[in-house]
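Asks: File work-v8.pdb below, PDB, C-alpha atoms and all ligand atoms:
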```
ATOM      1  CA  MET A  15      58.944 116.865 106.486  1.00  0.00           C
ATOM      2  CA  PRO A  16      61.258 119.460 105.098  1.00  0.00           C
ATOM      3  CA  ASN A  17      61.482 121.274 101.844  1.00  0.00           C
ATOM      4  CA  ILE A  18      64.936 121.346 100.377  1.00  0.00           C
ATOM      5  CA  THR A  19      65.764 124.033  97.860  1.00  0.00           C
ATOM      6  CA  PHE A  20      68.798 123.282  95.737  1.00  0.00           C
ATOM      7  CA  THR A  21      70.464 126.290  94.186  1.00  0.00           C
ATOM      8  CA  SER A  22      73.441 126.678  91.912  1.00  0.00           C
ATOM      9  CA  PRO A  23      74.737 129.411  89.609  1.00  0.00           C
ATOM     10  CA  GLU A  24      74.594 126.956  86.722  1.00  0.00           C
ATOM     11  CA  HIS A  25      71.153 125.437  87.231  1.00  0.00           C
ATOM     12  CA  ARG A  26      67.660 126.607  88.040  1.00  0.00           C
ATOM     13  CA  ASP A  27      66.602 126.423  91.654  1.00  0.00           C
ATOM     14  CA  LYS A  28      64.687 123.316  92.511  1.00  0.00           C
ATOM     15  CA  THR A  29      62.651 122.807  95.664  1.00  0.00           C
ATOM     16  CA  VAL A  30      61.807 119.280  96.661  1.00  0.00           C
ATOM     17  CA  TYR A  31      59.719 117.913  99.470  1.00  0.00           C
ATOM     18  CA  ALA A  32      61.757 115.312 101.275  1.00  0.00           C
ATOM     19  CA  PRO A  33      59.778 112.099 101.479  1.00  0.00           C
ATOM     20  CA  ALA A  34      58.586 110.465 104.668  1.00  0.00           C
ATOM     21  CA  GLY A  35      61.257 108.355 106.261  1.00  0.00           C
ATOM     22  CA  SER A  36      63.963 110.550 104.862  1.00  0.00           C
ATOM     23  CA  HIS A  37      65.716 110.822 108.186  1.00  0.00           C
ATOM     24  CA  LYS A  38      68.126 108.212 106.968  1.00  0.00           C
ATOM     25  CA  GLU A  39      68.602 109.747 103.555  1.00  0.00           C
ATOM     26  CA  THR A  40      71.506 111.948 102.717  1.00  0.00           C
ATOM     27  CA  ILE A  41      71.128 115.209 100.856  1.00  0.00           C
ATOM     28  CA  LEU A  42      73.060 113.635  97.988  1.00  0.00           C
ATOM     29  CA  LYS A  43      70.559 110.775  97.772  1.00  0.00           C
ATOM     30  CA  VAL A  44      67.614 113.188  97.706  1.00  0.00           C
ATOM     31  CA  ALA A  45      69.398 115.279  95.075  1.00  0.00           C
ATOM     32  CA  LYS A  46      70.004 112.246  92.874  1.00  0.00           C
ATOM     33  CA  GLU A  47      66.392 111.126  93.187  1.00  0.00           C
ATOM     34  CA  HIS A  48      65.286 114.534  91.945  1.00  0.00           C
ATOM     35  CA  HIS A  49      67.927 114.866  89.225  1.00  0.00           C
ATOM     36  CA  VAL A  50      69.767 117.689  90.953  1.00  0.00           C
ATOM     37  CA  PRO A  51      73.314 117.524  89.572  1.00  0.00           C
ATOM     38  CA  ILE A  52      75.417 117.787  92.710  1.00  0.00           C
ATOM     39  CA  GLU A  53      78.867 116.542  91.824  1.00  0.00           C
ATOM     40  CA  PHE A  54      80.077 113.517  93.700  1.00  0.00           C
ATOM     41  CA  SER A  55      82.662 110.814  93.471  1.00  0.00           C
ATOM     42  CA  CYS A  56      83.320 108.470  96.382  1.00  0.00           C
ATOM     43  CA  GLU A  57      79.882 108.806  98.060  1.00  0.00           C
ATOM     44  CA  ASP A  58      81.662 107.805 101.226  1.00  0.00           C
ATOM     45  CA  GLY A  59      82.776 111.047 102.837  1.00  0.00           C
ATOM     46  CA  GLU A  60      86.358 110.870 101.661  1.00  0.00           C
ATOM     47  CA  CYS A  61      86.906 112.987  98.547  1.00  0.00           C
ATOM     48  CA  GLY A  62      85.129 116.285  99.284  1.00  0.00           C
ATOM     49  CA  THR A  63      83.644 116.504  95.780  1.00  0.00           C
ATOM     50  CA  CYS A  64      80.107 116.840  97.106  1.00  0.00           C
ATOM     51  CA  LEU A  65      80.792 119.950  99.191  1.00  0.00           C
ATOM     52  CA  ILE A  66      77.642 121.999  99.759  1.00  0.00           C
ATOM     53  CA  LYS A  67      76.615 124.990 101.805  1.00  0.00           C
ATOM     54  CA  VAL A  68      73.502 124.545 103.902  1.00  0.00           C
ATOM     55  CA  THR A  69      71.366 127.392 105.197  1.00  0.00           C
ATOM     56  CA  VAL A  70      68.260 126.908 107.304  1.00  0.00           C
ATOM     57  CA  ILE A  71      65.319 128.834 105.907  1.00  0.00           C
ATOM     58  CA  ASP A  72      62.969 127.891 108.699  1.00  0.00           C
ATOM     59  CA  GLN A  73      62.262 131.177 110.460  1.00  0.00           C
ATOM     60  CA  HIS A  74      62.300 129.595 113.884  1.00  0.00           C
ATOM     61  CA  LYS A  75      65.703 128.018 113.577  1.00  0.00           C
ATOM     62  CA  LYS A  76      68.956 129.759 112.911  1.00  0.00           C
ATOM     63  CA  LYS A  77      71.314 126.868 112.344  1.00  0.00           C
ATOM     64  CA  HIS A  78      70.780 123.356 111.277  1.00  0.00           C
ATOM     65  CA  ALA A  79      71.467 120.597 113.688  1.00  0.00           C
ATOM     66  CA  GLY A  80      73.014 117.280 112.968  1.00  0.00           C
ATOM     67  CA  HIS A  81      76.190 115.522 113.768  1.00  0.00           C
ATOM     68  CA  LEU A  82      79.083 115.427 111.395  1.00  0.00           C
ATOM     69  CA  THR A  83      80.407 112.007 110.658  1.00  0.00           C
ATOM     70  CA  PRO A  84      84.074 111.443 111.552  1.00  0.00           C
ATOM     71  CA  LYS A  85      84.922 111.378 107.835  1.00  0.00           C
ATOM     72  CA  GLU A  86      83.040 114.612 107.279  1.00  0.00           C
ATOM     73  CA  ARG A  87      84.928 116.291 110.088  1.00  0.00           C
ATOM     74  CA  THR A  88      88.240 115.214 108.572  1.00  0.00           C
ATOM     75  CA  VAL A  89      87.434 116.278 105.011  1.00  0.00           C
ATOM     76  CA  LEU A  90      85.844 119.621 105.966  1.00  0.00           C
ATOM     77  CA  LYS A  91      88.908 120.394 108.034  1.00  0.00           C
ATOM     78  CA  GLU A  92      91.215 119.470 105.158  1.00  0.00           C
ATOM     79  CA  LEU A  93      89.188 121.739 102.870  1.00  0.00           C
ATOM     80  CA  LYS A  94      89.509 124.494 105.482  1.00  0.00           C
ATOM     81  CA  LYS A  95      85.745 124.801 105.755  1.00  0.00           C
ATOM     82  CA  VAL A  96      85.869 124.250 109.508  1.00  0.00           C
ATOM     83  CA  SER A  97      88.574 124.865 112.070  1.00  0.00           C
ATOM     84  CA  GLN A  98      89.376 122.794 115.129  1.00  0.00           C
ATOM     85  CA  ASP A  99      87.730 125.566 117.177  1.00  0.00           C
ATOM     86  CA  ASP A 100      84.573 125.171 115.097  1.00  0.00           C
ATOM     87  CA  LEU A 101      84.614 121.432 115.678  1.00  0.00           C
ATOM     88  CA  ASP A 102      85.150 121.857 119.419  1.00  0.00           C
ATOM     89  CA  ARG A 103      82.258 124.323 119.583  1.00  0.00           C
ATOM     90  CA  MET A 104      80.018 121.968 117.636  1.00  0.00           C
ATOM     91  CA  ASP A 105      80.660 119.240 120.169  1.00  0.00           C
ATOM     92  CA  VAL A 106      79.166 121.523 122.806  1.00  0.00           C
ATOM     93  CA  ASP A 107      76.271 123.244 121.075  1.00  0.00           C
ATOM     94  CA  ASP A 108      75.309 120.467 118.605  1.00  0.00           C
ATOM     95  CA  LEU A 109      74.924 122.920 115.746  1.00  0.00           C
ATOM     96  CA  ALA A 110      76.357 121.967 112.412  1.00  0.00           C
ATOM     97  CA  PRO A 111      78.560 124.197 110.268  1.00  0.00           C
ATOM     98  CA  ASP A 112      77.370 125.820 107.049  1.00  0.00           C
ATOM     99  CA  TYR A 113      79.526 123.561 104.929  1.00  0.00           C
ATOM    100  CA  ARG A 114      78.672 119.915 104.681  1.00  0.00           C
ATOM    101  CA  LEU A 115      79.307 116.918 102.506  1.00  0.00           C
ATOM    102  CA  ALA A 116      76.114 116.027 100.672  1.00  0.00           C
ATOM    103  CA  CYS A 117      76.916 112.324 100.845  1.00  0.00           C
ATOM    104  CA  GLN A 118      77.171 112.458 104.631  1.00  0.00           C
ATOM    105  CA  CYS A 119      74.597 115.044 105.646  1.00  0.00           C
ATOM    106  CA  ILE A 120      71.296 113.495 106.718  1.00  0.00           C
ATOM    107  CA  VAL A 121      68.029 115.257 105.924  1.00  0.00           C
ATOM    108  CA  ARG A 122      66.287 116.541 109.026  1.00  0.00           C
ATOM    109  CA  ASP A 123      63.035 118.304 109.830  1.00  0.00           C
ATOM    110  CA  GLU A 124      64.222 121.692 108.670  1.00  0.00           C
ATOM    111  CA  ASP A 125      63.573 123.644 105.519  1.00  0.00           C
ATOM    112  CA  ILE A 126      66.985 124.259 104.055  1.00  0.00           C
ATOM    113  CA  LEU A 127      68.712 125.920 101.147  1.00  0.00           C
ATOM    114  CA  VAL A 128      71.486 123.838  99.632  1.00  0.00           C
ATOM    115  CA  GLU A 129      74.061 125.672  97.533  1.00  0.00           C
ATOM    116  CA  TYR A 130      76.127 123.476  95.276  1.00  0.00           C
ATOM    117  CA  GLY A 131      78.244 123.450  92.185  1.00  0.00           C
ATOM    118  CA  THR A 132      80.152 126.700  92.432  1.00  0.00           C
ATOM    119  CA  GLY A 133      83.467 124.976  92.892  1.00  0.00           C
ATOM    120  CA  ASP A 134      84.373 127.621  95.430  1.00  0.00           C
ATOM    121  CA  LEU A 135      81.498 127.979  97.837  1.00  0.00           C
ATOM    122  CA  SER A 136      82.067 130.945 100.065  1.00  0.00           C
TER     123      SER A 136
HETATM  124  S1  LIG A 201      81.203 112.156  97.225  1.00  0.00           S
HETATM  125 FE1  LIG A 201      83.151 112.017  98.147  1.00  0.00          FE
HETATM  126  S2  LIG A 201      82.889 113.092 100.014  1.00  0.00           S
HETATM  127 FE2  LIG A 201      80.884 113.038  99.177  1.00  0.00          FE
END
```
Write out the structure in this file as structure tokens.

Replies:
Amino acid sequence: MPNITFTSPEHRDKTVYAPAGSHKETILKVAKEHHVPIEFSCEDGECGTCLIKVTVIDQHKKKHAGHLTPKERTVLKELKKVSQDDLDRMDVDDLAPDYRLACQCIVRDEDILVEYGTGDLS
């Protein structure tokens, strides 16, 4: 099970151990359970409020895997966090982009760093 470290310029870092069975839990759900104040609104992959940046900190993996939901693809493209080329490449190599929507991104077996709350993640 993975450790998830939440980091933000406005809040202290918090590392949580994702619970067993978390493969169906979103990063937003884990954050809420641990009182990590990731902003959100729709919780349905439509508004983009919960934008996060995800970095794998597992030494043996460079990029996190995991499919983007159709809504996530649309919103990330609208926010210019992924291009069509990025999306096409992801369909081939199955590696997710750095930017995700916390309400759509499912926790996997990877230790990750989740940056949130800057308003302009870059
Ligand atoms: S809360 Fe709206 S996209 Fe995640």

Asks: Could you pull the residues within 8 Å of stretch 56-71 of chain A, counting all atoms listed in the file, minus those fewer than 4 positions along the same chain, as a PDB file with C-alpha atoms, keeping the file's coordinate frame?

Replies:
```
ATOM      1  CA  LEU A  42      73.060 113.635  97.988  1.00  0.00           C
ATOM      2  CA  ILE A  52      75.417 117.787  92.710  1.00  0.00           C
ATOM      3  CA  LYS A  75      65.703 128.018 113.577  1.00  0.00           C
ATOM      4  CA  LYS A  76      68.956 129.759 112.911  1.00  0.00           C
ATOM      5  CA  LYS A  77      71.314 126.868 112.344  1.00  0.00           C
ATOM      6  CA  HIS A  78      70.780 123.356 111.277  1.00  0.00           C
ATOM      7  CA  LYS A  85      84.922 111.378 107.835  1.00  0.00           C
ATOM      8  CA  GLU A  86      83.040 114.612 107.279  1.00  0.00           C
ATOM      9  CA  VAL A  89      87.434 116.278 105.011  1.00  0.00           C
ATOM     10  CA  LEU A  90      85.844 119.621 105.966  1.00  0.00           C
ATOM     11  CA  LEU A  93      89.188 121.739 102.870  1.00  0.00           C
ATOM     12  CA  ASP A 112      77.370 125.820 107.049  1.00  0.00           C
ATOM     13  CA  TYR A 113      79.526 123.561 104.929  1.00  0.00           C
ATOM     14  CA  ARG A 114      78.672 119.915 104.681  1.00  0.00           C
ATOM     15  CA  LEU A 115      79.307 116.918 102.506  1.00  0.00           C
ATOM     16  CA  ALA A 116      76.114 116.027 100.672  1.00  0.00           C
ATOM     17  CA  CYS A 117      76.916 112.324 100.845  1.00  0.00           C
ATOM     18  CA  GLN A 118      77.171 112.458 104.631  1.00  0.00           C
ATOM     19  CA  GLU A 124      64.222 121.692 108.670  1.00  0.00           C
ATOM     20  CA  ASP A 125      63.573 123.644 105.519  1.00  0.00           C
ATOM     21  CA  ILE A 126      66.985 124.259 104.055  1.00  0.00           C
ATOM     22  CA  LEU A 127      68.712 125.920 101.147  1.00  0.00           C
ATOM     23  CA  VAL A 128      71.486 123.838  99.632  1.00  0.00           C
ATOM     24  CA  GLU A 129      74.061 125.672  97.533  1.00  0.00           C
ATOM     25  CA  TYR A 130      76.127 123.476  95.276  1.00  0.00           C
ATOM     26  CA  GLY A 131      78.244 123.450  92.185  1.00  0.00           C
ATOM     27  CA  LEU A 135      81.498 127.979  97.837  1.00  0.00           C
TER      28      LEU A 135
END
```

Asks: Hey, which of A:Pro111, A:Glu53, A:Asp123, A:Leu82 ends up closest to A:Lys95? Count only C-alpha atoms.

Replies: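 Of all the options, A:Pro111 lies closest to A:Lys95.
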
Asks: Let me have the centre and edge lengths in Å, one decimal, of the box along x, y and z around every listed atom of ligand LIG 201 (chain A) with 6 Å of margin on each side, as AutoDock Vina command-line options.

Replies:
```
--center_x 82.0 --center_y 112.6 --center_z 98.6 --size_x 14.3 --size_y 13.1 --size_z 14.8
```

Asks: Could you jot down the atom CA of A:Ile120 to atom CA of A:Ala32 separation for me, Å, one decimal place?

Replies: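 Atom CA of A:Ala32 lies 11.1 Å from atom CA of A:Ile120.
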
Asks: What does the distance from atom CA of A:Gln98 to atom CA of A:Cys119 come to in Å, to one decimal?

Replies: 19.2 Å

Asks: In terms of the shortest atom-to-atom distance over only C-alpha atoms and all ligand atoms, which of A:Arg87, A:Arg103, A:Lys28, A:Lys94 is closest to ligand LIG 201 (chain A)?

Replies: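 Of all the options, A:Arg87 lies closest to ligand LIG 201 (chain A).
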
Asks: Quick one: pull the distance between atom CA of A:Tyr31 and atom CA of A:Ile18, Å, one decimal.

Replies: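 Those two atoms sit 6.3 Å apart.
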
Asks: For A:Asp72, which residue among A:Glu24, A:Leu109, A:Asn17, A:Ala45 is the nearest when counting all atoms listed in the file?

Replies: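 Looking only at the distances to A:Asp72, the closest residue turns out to be A:Asn17.
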
Asks: Using all atoms listed in the file, which of A:His81, A:His49, A:Lys43, A:Arg122 sits nearest ligand LIG 201 (chain A)?

Replies: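 Closest to ligand LIG 201 (chain A), using all atoms listed in the file: A:Lys43.
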
Asks: Taking into account all atoms listed in the file, which residue in the set A:Ser97, A:Thr83, A:Lys91, A:Phe54 is nearest to ligand LIG 201 (chain A)?

Replies: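 Of the candidates, the smallest distance to ligand LIG 201 (chain A) is held by A:Phe54.
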